[in-house]
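J.: Below is start_13.cif; it holds mmCIF, C-alpha atoms.
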```cif
data_work
#
loop_
_atom_site.group_PDB
_atom_site.id
_atom_site.type_symbol
_atom_site.label_atom_id
_atom_site.label_comp_id
_atom_site.auth_asym_id
_atom_site.auth_seq_id
_atom_site.Cartn_x
_atom_site.Cartn_y
_atom_site.Cartn_z
ATOM 1 C CA MET J 1 116.237 86.213 63.276
ATOM 2 C CA SER J 2 114.076 89.326 62.992
ATOM 3 C CA ARG J 3 110.356 89.384 63.598
ATOM 4 C CA PRO J 4 108.024 89.819 60.638
ATOM 5 C CA PRO J 5 106.353 93.226 60.338
ATOM 6 C CA LEU J 6 103.130 93.968 62.219
ATOM 7 C CA TYR J 7 100.981 93.979 59.090
ATOM 8 C CA THR J 8 101.809 90.314 58.488
ATOM 9 C CA ARG J 9 101.578 89.217 62.127
ATOM 10 C CA ARG J 10 98.404 91.114 63.032
ATOM 11 C CA PRO J 11 96.823 92.759 59.990
ATOM 12 C CA PHE J 12 93.694 93.944 61.847
ATOM 13 C CA LEU J 13 95.746 95.729 64.516
ATOM 14 C CA ALA J 14 98.023 97.257 61.890
ATOM 15 C CA GLY J 15 94.999 98.537 59.965
ATOM 16 C CA LEU J 16 93.525 100.040 63.122
ATOM 17 C CA LEU J 17 96.777 101.785 64.005
ATOM 18 C CA ARG J 18 96.911 103.230 60.510
ATOM 19 C CA GLN J 19 93.524 104.907 61.121
ATOM 20 C CA LEU J 20 94.509 106.671 64.384
ATOM 21 C CA PRO J 21 94.876 110.107 62.717
ATOM 22 C CA LEU J 22 91.348 109.846 61.325
ATOM 23 C CA LEU J 23 90.044 108.670 64.694
ATOM 24 C CA ALA J 24 91.611 111.680 66.425
ATOM 25 C CA VAL J 25 89.968 114.061 63.954
ATOM 26 C CA LEU J 26 86.594 112.325 64.288
ATOM 27 C CA VAL J 27 86.748 112.485 68.085
ATOM 28 C CA ALA J 28 87.489 116.215 67.939
ATOM 29 C CA VAL J 29 84.583 116.774 65.530
ATOM 30 C CA ALA J 30 82.293 114.719 67.797
ATOM 31 C CA VAL J 31 83.301 116.876 70.768
ATOM 32 C CA GLY J 32 82.497 119.964 68.712
ATOM 33 C CA LEU J 33 79.113 118.567 67.719
ATOM 34 C CA ALA J 34 78.350 117.740 71.336
ATOM 35 C CA MET J 35 79.195 121.319 72.304
ATOM 36 C CA VAL J 36 76.854 122.605 69.590
ATOM 37 C CA ALA J 37 74.122 120.280 70.864
ATOM 38 C CA LEU J 38 74.643 121.649 74.391
ATOM 39 C CA GLU J 39 74.072 125.192 73.053
ATOM 40 C CA HIS J 40 77.724 126.278 73.003
ATOM 41 C CA TRP J 41 77.608 126.647 69.231
ATOM 42 C CA ARG J 42 80.433 129.140 68.854
ATOM 43 C CA ARG J 43 82.961 127.046 70.776
ATOM 44 C CA GLY J 44 81.718 123.853 69.134
ATOM 45 C CA LEU J 45 82.127 125.197 65.613
ATOM 46 C CA LEU J 46 85.544 126.551 66.523
ATOM 47 C CA VAL J 47 86.570 123.095 67.780
ATOM 48 C CA MET J 48 85.329 121.527 64.537
ATOM 49 C CA GLY J 49 87.198 124.105 62.452
ATOM 50 C CA LEU J 50 90.398 123.501 64.376
ATOM 51 C CA ALA J 51 89.908 119.736 63.972
ATOM 52 C CA LEU J 52 89.788 120.226 60.201
ATOM 53 C CA VAL J 53 92.935 122.356 60.297
ATOM 54 C CA GLY J 54 94.561 119.614 62.377
ATOM 55 C CA ALA J 55 93.494 117.042 59.795
ATOM 56 C CA GLY J 56 95.164 119.143 57.113
ATOM 57 C CA VAL J 57 98.358 119.336 59.147
ATOM 58 C CA LEU J 58 98.304 115.575 59.772
ATOM 59 C CA ARG J 59 97.824 114.965 56.051
ATOM 60 C CA LEU J 60 100.746 117.255 55.327
ATOM 61 C CA VAL J 61 103.277 115.759 57.750
ATOM 62 C CA LEU J 62 102.414 112.051 57.877
ATOM 63 C CA PRO J 63 103.580 109.619 55.198
ATOM 64 C CA VAL J 64 100.915 107.944 53.060
ATOM 65 C CA ARG J 65 101.276 104.586 54.806
ATOM 66 C CA ARG J 66 100.497 106.199 58.192
ATOM 67 C CA VAL J 67 97.755 108.672 57.294
ATOM 68 C CA GLY J 68 95.048 106.090 56.579
ATOM 69 C CA PHE J 69 91.725 107.331 55.222
ATOM 70 C CA LEU J 70 92.719 110.986 55.581
ATOM 71 C CA ALA J 71 94.409 110.429 52.222
ATOM 72 C CA VAL J 72 91.601 110.693 49.690
ATOM 73 C CA ARG J 73 93.072 112.676 46.825
ATOM 74 C CA SER J 74 96.575 113.952 46.198
ATOM 75 C CA ARG J 75 98.392 115.460 49.175
ATOM 76 C CA PRO J 76 98.195 119.114 48.034
ATOM 77 C CA VAL J 77 94.479 118.872 47.288
ATOM 78 C CA ASP J 78 93.723 117.186 50.624
ATOM 79 C CA VAL J 79 95.753 119.736 52.601
ATOM 80 C CA VAL J 80 94.211 122.746 50.848
ATOM 81 C CA LEU J 81 90.656 121.441 51.197
ATOM 82 C CA LEU J 82 90.942 120.323 54.821
ATOM 83 C CA ALA J 83 92.899 123.293 56.133
ATOM 84 C CA GLY J 84 90.995 125.787 53.978
ATOM 85 C CA THR J 85 87.621 124.525 55.163
ATOM 86 C CA GLY J 86 88.816 124.557 58.777
ATOM 87 C CA VAL J 87 90.160 128.109 58.536
ATOM 88 C CA LEU J 88 86.988 129.282 56.784
ATOM 89 C CA LEU J 89 84.721 127.655 59.376
ATOM 90 C CA SER J 90 86.752 129.116 62.234
ATOM 91 C CA ALA J 91 86.843 132.572 60.666
ATOM 92 C CA LEU J 92 83.100 132.590 60.011
ATOM 93 C CA THR J 93 82.435 131.426 63.562
ATOM 94 C CA LEU J 94 84.529 134.253 64.997
ATOM 95 C CA ALA J 95 83.016 136.823 62.597
ATOM 96 C CA VAL J 96 79.420 136.270 63.750
ATOM 97 C CA PRO J 97 78.514 138.873 66.372
ATOM 98 C CA GLY J 98 78.193 137.582 69.933
ATOM 99 C CA ASP J 99 74.978 137.202 71.879
#
```
Show me the file's structure as structure tokens.

T.:
Amino acid sequence: MSRPPLYTRRPFLAGLLRQLPLLAVLVAVAVGLAMVALEHWRRGLLVMGLALVGAGVLRLVLPVRRVGFLAVRSRPVDVVLLAGTGVLLSALTLAVPGD
């Protein structure tokens, strides 16, 4: 006899596991914000830009049932907006002249 799936045995745990990609992106953005707060603004913004690019990649490669709240709109729109914003933020950060 096979065990029932996780979402029927422990729905709260299954829901939390489904949000791990979003949690990883939010942790990376929080690290970037902390770096900005500690006056390392260039590195912090670069970390946030790369976190957004990573969110776009996660949205692209993960199936809908695993991506959680990173799936807001259709897959192409989410990927273009997340990765495009991340690339733009990173490019603008690197384009600003240094101190």

J.: Rounded to one decimal, what separation in Å do you get between CA of Ala28 (chain J) and CA of Leu58 (chain J)?

T.: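 Taking CA of Ala28 (chain J) and CA of Leu58 (chain J), their separation equals 13.6 Å.
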
J.: To test your reading of the syntax: which residues would the PyMOL selection byres ((chain J and resi 67) around 8) return for the file shown? Reply as a list in words.

T.: Arg18, Gln19, Pro21, Leu22, Leu58, Arg59, Leu62, Pro63, Val64, Arg65, Arg66, Gly68, Phe69, Leu70 and Ala71 of chain J

J.: Report, in Å with one decimal, the straight-line distance from CA of Thr93 (chain J) to CA of Val77 (chain J).

T.: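 So the answer is 23.8 Å.
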
J.: Write out as a ChimeraX atom specification each polymer residue whose atoms come within 6 Å of Val53 (chain J), counting all atoms listed in the file; drop sequence neighbours fewer than 2 positions from it.

T.: /J:50-51,55-56,83,86

J.: Would you kindly translate the PyMOL selection byres ((chain J and resi 33) around 12) into the concrete residues it picks from this file, as a CSV table (one decimal) with C-alpha atoms, keeping the file's coordinate frame?

T.:
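Listing of selection06.csv after writing:
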```csv
chain,number,residue,atom,x,y,z
J,26,LEU,CA,86.6,112.3,64.3
J,27,VAL,CA,86.7,112.5,68.1
J,28,ALA,CA,87.5,116.2,67.9
J,29,VAL,CA,84.6,116.8,65.5
J,30,ALA,CA,82.3,114.7,67.8
J,31,VAL,CA,83.3,116.9,70.8
J,32,GLY,CA,82.5,120.0,68.7
J,34,ALA,CA,78.4,117.7,71.3
J,35,MET,CA,79.2,121.3,72.3
J,36,VAL,CA,76.9,122.6,69.6
J,37,ALA,CA,74.1,120.3,70.9
J,38,LEU,CA,74.6,121.6,74.4
J,39,GLU,CA,74.1,125.2,73.1
J,40,HIS,CA,77.7,126.3,73.0
J,41,TRP,CA,77.6,126.6,69.2
J,42,ARG,CA,80.4,129.1,68.9
J,43,ARG,CA,83.0,127.0,70.8
J,44,GLY,CA,81.7,123.9,69.1
J,45,LEU,CA,82.1,125.2,65.6
J,46,LEU,CA,85.5,126.6,66.5
J,47,VAL,CA,86.6,123.1,67.8
J,48,MET,CA,85.3,121.5,64.5
J,49,GLY,CA,87.2,124.1,62.5
J,51,ALA,CA,89.9,119.7,64.0
```

J.: Please indicate the distance in Å from CA of Val25 (chain J) to CA of Phe12 (chain J), rounded to one decimal place.

T.: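 About the pair CA of Val25 (chain J) and CA of Phe12 (chain J): they are 20.6 Å apart.
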
J.: From the set J:Leu89, J:Leu81, J:Leu23, J:Ala14, which residue has the shortest atom-to-atom contact distance to Val57 (chain J), counting only C-alpha atoms?

T.: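 Nearest candidate to Val57 (chain J) out of J:Leu89, J:Leu81, J:Leu23, J:Ala14: J:Leu81.
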
J.: Can you sort out the box for region 39-48 of chain J, edges along x, y and z, all listed atoms in, 3 Å on every side, with centre and edge lengths in Å to one decimal, as AutoDock Vina command-line options?

T.:
```
--center_x 80.3 --center_y 125.3 --center_z 68.8 --size_x 18.5 --size_y 13.6 --size_z 14.5
```
